[in-house]
Amino acid sequence: MTPLPIRIRPEDERDRPAIHDLTRRAFAPMAFAAGDEQDLIDALRRLGALSLSLVAELEGRVVGHLALSPVTHESGAEGWFGLGPISAEPALQRQGVGGALIAEAKSWLAARGAAGCILTGDPGYYPRHGFLPAPEHAPEAEPAEFFMVLPLAGDIPPGRFRFHPAFGA
Ligand SMILES: CC(C)(COP(=O)(O)OP(=O)(O)OC[C@H]1O[C@@H](n2cnc3c(N)ncnc32)[C@H](O)[C@@H]1OP(=O)(O)O)[C@@H](O)C(=O)NCCC(=O)NCCS
């Protein structure tokens, strides 16, 4: 299949309603979804914790989005980020939008010398992007079997991560 001619770029202010709406629609059919993923992005932005907000644009339309936010680790280790929510336009899924967003996020993390990135997600999808299952590092109250880590600069410190407090709000 021909790759979609998408452009990946940081969000600008005018994208915010489209990001909110896309995230709501992409997560709506997912059985695991809380249904408030779009509000989480708005909360992170409001709290100054949206470290990176990438959109995938196709013919002037937002068809994908990825958020990174700062996370903490019980050891005090610094430089770690959390990936998510991530979404692709439902009618355009499985055409590389999510993969292109993740690739760009990894470049952004590497360029900043980040220690690594964590997420809770489908173990069938993220390992192809370098994420490793790491149940022993999962935050309390997270489903450990869906917890994954991408170390970018050395080992994963022993102990648990914590997502930004907006995730529990
Ligand atoms: C997850 C998501 C962002 C992936 O974006 P995408 O543009 O569809 O993904 P890509 O086209 O880059 O990757 C497609 C590949 O990943 C696989 N894939 C996509 N979503 C998957 C999923 N949820 N579980 C397992 N595999 C998945 C596809 O099988 C495909 O593999 P193939 O090419 O070998 O067939 C998108 O499916 C989405 O918005 N889902 C709804 C919201 C969601 O679940 N977000 C993630 C929460 S952890």
# chains A, B, ... in the order shown; residues from 1 in each chain; ligands from 1
$ residues_around --residues "Val63 in chain A" --least-positions-apart "3" --cutoff "10 Å" --atoms "only C-alpha atoms" --output "ChimeraX atom specification"
/A:6-7,18-19,22-23,55-60,87-93,97-98
$ write_last_selection --atoms "all heavy atoms" --output "compact mmCIF listing (two decimals), in the first residue's frame"
# COMPACT_ATOMS: atom_id res chain seq x y z
N ILE A 6 1.55 11.92 4.91
CA ILE A 6 1.31 12.69 6.14
C ILE A 6 2.54 13.53 6.48
O ILE A 6 3.65 13.19 6.12
CB ILE A 6 0.97 11.79 7.35
CG1 ILE A 6 1.99 10.67 7.49
CG2 ILE A 6 -0.44 11.24 7.23
CD1 ILE A 6 1.86 9.88 8.77
N ARG A 7 2.28 14.60 7.23
CA ARG A 7 3.36 15.43 7.77
C ARG A 7 3.25 15.36 9.28
O ARG A 7 2.16 15.57 9.82
CB ARG A 7 3.19 16.87 7.29
CG ARG A 7 4.31 17.79 7.75
CD ARG A 7 4.32 19.06 6.89
NE ARG A 7 3.36 20.03 7.37
CZ ARG A 7 3.68 21.08 8.15
NH1 ARG A 7 4.92 21.27 8.53
NH2 ARG A 7 2.75 21.94 8.53
N ALA A 18 -9.32 19.67 17.26
CA ALA A 18 -9.23 18.46 16.41
C ALA A 18 -8.54 17.32 17.17
O ALA A 18 -8.92 16.15 17.04
CB ALA A 18 -8.46 18.80 15.13
N ILE A 19 -7.55 17.64 17.99
CA ILE A 19 -6.86 16.61 18.78
C ILE A 19 -7.84 16.00 19.78
O ILE A 19 -7.90 14.78 19.96
CB ILE A 19 -5.64 17.23 19.51
CG1 ILE A 19 -4.56 17.64 18.51
CG2 ILE A 19 -5.09 16.26 20.56
CD1 ILE A 19 -3.45 18.51 19.11
N LEU A 22 -10.40 13.83 17.78
CA LEU A 22 -9.78 12.61 17.23
C LEU A 22 -9.52 11.60 18.35
O LEU A 22 -9.80 10.41 18.20
CB LEU A 22 -8.46 12.98 16.55
CG LEU A 22 -7.54 11.80 16.19
CD1 LEU A 22 -8.21 10.88 15.17
CD2 LEU A 22 -6.20 12.29 15.67
N THR A 23 -8.99 12.07 19.48
CA THR A 23 -8.67 11.15 20.58
C THR A 23 -9.95 10.50 21.10
O THR A 23 -9.99 9.28 21.33
CB THR A 23 -7.93 11.92 21.69
OG1 THR A 23 -6.77 12.54 21.13
CG2 THR A 23 -7.52 10.98 22.82
N VAL A 55 1.22 16.14 15.99
CA VAL A 55 0.09 15.78 15.14
C VAL A 55 0.60 15.21 13.83
O VAL A 55 1.69 15.55 13.36
CB VAL A 55 -0.86 16.97 14.84
CG1 VAL A 55 -1.49 17.49 16.12
CG2 VAL A 55 -0.16 18.07 14.08
N ALA A 56 -0.20 14.31 13.25
CA ALA A 56 0.00 13.86 11.88
C ALA A 56 -1.05 14.58 11.04
O ALA A 56 -2.25 14.50 11.35
CB ALA A 56 -0.18 12.34 11.78
N GLU A 57 -0.58 15.31 10.04
CA GLU A 57 -1.49 16.11 9.22
C GLU A 57 -1.57 15.50 7.82
O GLU A 57 -0.55 15.14 7.24
CB GLU A 57 -0.92 17.54 9.15
CG GLU A 57 -1.78 18.51 8.40
CD GLU A 57 -1.09 19.87 8.31
OE1 GLU A 57 -0.56 20.36 9.32
OE2 GLU A 57 -1.07 20.40 7.19
N LEU A 58 -2.79 15.37 7.35
CA LEU A 58 -3.01 14.88 5.99
C LEU A 58 -3.95 15.84 5.28
O LEU A 58 -5.09 16.03 5.73
CB LEU A 58 -3.63 13.47 6.02
CG LEU A 58 -3.98 12.84 4.68
CD1 LEU A 58 -2.72 12.53 3.87
CD2 LEU A 58 -4.81 11.57 4.88
N GLU A 59 -3.47 16.45 4.23
CA GLU A 59 -4.27 17.43 3.47
C GLU A 59 -4.91 18.45 4.40
O GLU A 59 -6.12 18.72 4.32
CB GLU A 59 -5.32 16.70 2.63
CG GLU A 59 -4.66 15.85 1.54
CD GLU A 59 -5.59 14.83 0.91
OE1 GLU A 59 -6.73 14.68 1.40
OE2 GLU A 59 -5.16 14.16 -0.04
N GLY A 60 -4.13 18.95 5.34
CA GLY A 60 -4.59 20.01 6.23
C GLY A 60 -5.44 19.54 7.40
O GLY A 60 -5.92 20.34 8.19
N SER A 87 -3.20 8.29 19.09
CA SER A 87 -4.37 7.87 18.31
C SER A 87 -4.15 8.14 16.83
O SER A 87 -3.41 9.05 16.45
CB SER A 87 -5.64 8.57 18.79
OG SER A 87 -5.44 9.95 18.79
N ALA A 88 -4.80 7.31 16.03
CA ALA A 88 -4.84 7.51 14.58
C ALA A 88 -6.31 7.54 14.16
O ALA A 88 -7.14 6.85 14.76
CB ALA A 88 -4.10 6.39 13.86
N GLU A 89 -6.58 8.35 13.17
CA GLU A 89 -7.95 8.45 12.63
C GLU A 89 -8.49 7.04 12.34
O GLU A 89 -7.85 6.27 11.62
CB GLU A 89 -7.88 9.28 11.33
CG GLU A 89 -9.19 9.48 10.63
CD GLU A 89 -10.17 10.28 11.48
OE1 GLU A 89 -9.77 11.27 12.11
OE2 GLU A 89 -11.35 9.88 11.52
N PRO A 90 -9.65 6.67 12.91
CA PRO A 90 -10.13 5.30 12.75
C PRO A 90 -10.13 4.79 11.30
O PRO A 90 -9.70 3.67 11.04
CB PRO A 90 -11.53 5.35 13.35
CG PRO A 90 -11.40 6.40 14.43
CD PRO A 90 -10.48 7.44 13.86
N ALA A 91 -10.57 5.61 10.36
CA ALA A 91 -10.64 5.13 8.96
C ALA A 91 -9.27 4.98 8.32
O ALA A 91 -9.15 4.39 7.24
CB ALA A 91 -11.49 6.10 8.14
N LEU A 92 -8.23 5.49 8.99
CA LEU A 92 -6.89 5.47 8.39
C LEU A 92 -5.91 4.65 9.22
O LEU A 92 -4.70 4.76 9.05
CB LEU A 92 -6.36 6.90 8.24
CG LEU A 92 -7.18 7.83 7.35
CD1 LEU A 92 -6.64 9.25 7.40
CD2 LEU A 92 -7.18 7.32 5.90
N GLN A 93 -6.43 3.81 10.12
CA GLN A 93 -5.52 3.02 10.95
C GLN A 93 -4.85 1.93 10.12
O GLN A 93 -5.34 1.53 9.07
CB GLN A 93 -6.27 2.44 12.16
CG GLN A 93 -6.59 3.56 13.16
CD GLN A 93 -7.39 3.10 14.36
OE1 GLN A 93 -7.64 1.93 14.55
NE2 GLN A 93 -7.79 4.05 15.19
N VAL A 97 0.33 5.69 10.35
CA VAL A 97 0.23 6.97 11.06
C VAL A 97 0.83 6.85 12.46
O VAL A 97 1.68 7.65 12.88
CB VAL A 97 -1.24 7.46 11.13
CG1 VAL A 97 -1.37 8.69 12.03
CG2 VAL A 97 -1.76 7.75 9.73
N GLY A 98 0.40 5.82 13.20
CA GLY A 98 0.91 5.62 14.57
C GLY A 98 2.42 5.40 14.57
O GLY A 98 3.15 6.00 15.37
$ residues_around --residues "Gly35 in chain A" --least-positions-apart "4" --cutoff "12 Å" --atoms "only C-alpha atoms" --output "list in words"
His20, Asp21, Thr23, Arg24, Arg25, Ala26, Phe27, Ala28, Pro29, Met30, Ala31, Asp39, Leu40 and Pro85 of chain A
$ closest_residue --among "A:Leu109, A:Met1, A:Leu47, A:Ile86" --to "ligand 1" --atoms "only C-alpha atoms and all ligand atoms"
A:Ile86
$ closest_residue --among "A:Pro158, A:Gly48, A:Gly82, A:Gly99" --to "ligand 1" --atoms "only C-alpha atoms and all ligand atoms"
A:Gly99
$ select_by_dssp --residues "range 67-98 of chain A" --states "strand (DSSP E)" --output "ChimeraX atom specification"
/A:67-70,72-73,80-88
$ residues_around --residues "Glu145 in chain A" --least-positions-apart "2" --cutoff "9 Å" --atoms "only C-alpha atoms" --output "list in words"
Thr120, Pro123, Pro133, Ala134, Pro135, Ala138, Glu142, Pro143, Phe147 and Met148 of chain A
$ select_by_dssp --residues "chain A" --states "helix (DSSP H, G or I)" --output "MDAnalysis selection string"
chainID A and resid 13:27 37:46 90:92 97:111 126:129 135:137 144:146 165:168
$ residues_around --residues "range 51-54 of chain A" --least-positions-apart "4" --cutoff "12 Å" --atoms "only C-alpha atoms" --output "PyMOL selection string"
chain A and resi 7-13+15-16+19-20+41-42+44-47+62-71+79-88+97-98+100-109+112+114+164
$ closest_residue --among "A:Pro157, A:Pro165, A:Gly130, A:Gly124" --to "ligand 1" --atoms "only C-alpha atoms and all ligand atoms"
A:Gly124
$ residues_around --residues "Gly154 in chain A" --least-positions-apart "3" --cutoff "9 Å" --atoms "only C-alpha atoms" --output "list in words"
Ala115, Gly116, Pro151 and Pro157 of chain A
$ write_last_selection --atoms "C-alpha atoms" --output "mmCIF file, in the first residue's frame"
data_model
loop_
_atom_site.group_PDB
_atom_site.id
_atom_site.type_symbol
_atom_site.label_atom_id
_atom_site.label_comp_id
_atom_site.auth_asym_id
_atom_site.auth_seq_id
_atom_site.Cartn_x
_atom_site.Cartn_y
_atom_site.Cartn_z
ATOM 1 C CA ALA A 115 16.805 8.372 29.644
ATOM 2 C CA GLY A 116 13.861 6.598 28.079
ATOM 3 C CA PRO A 151 15.459 2.600 27.589
ATOM 4 C CA PRO A 157 16.691 1.640 37.213
#
$ closest_residue --among "A:Leu150, A:Ala77, A:Ala111, A:Leu4" --to "ligand 1" --atoms "only C-alpha atoms and all ligand atoms"
A:Leu4
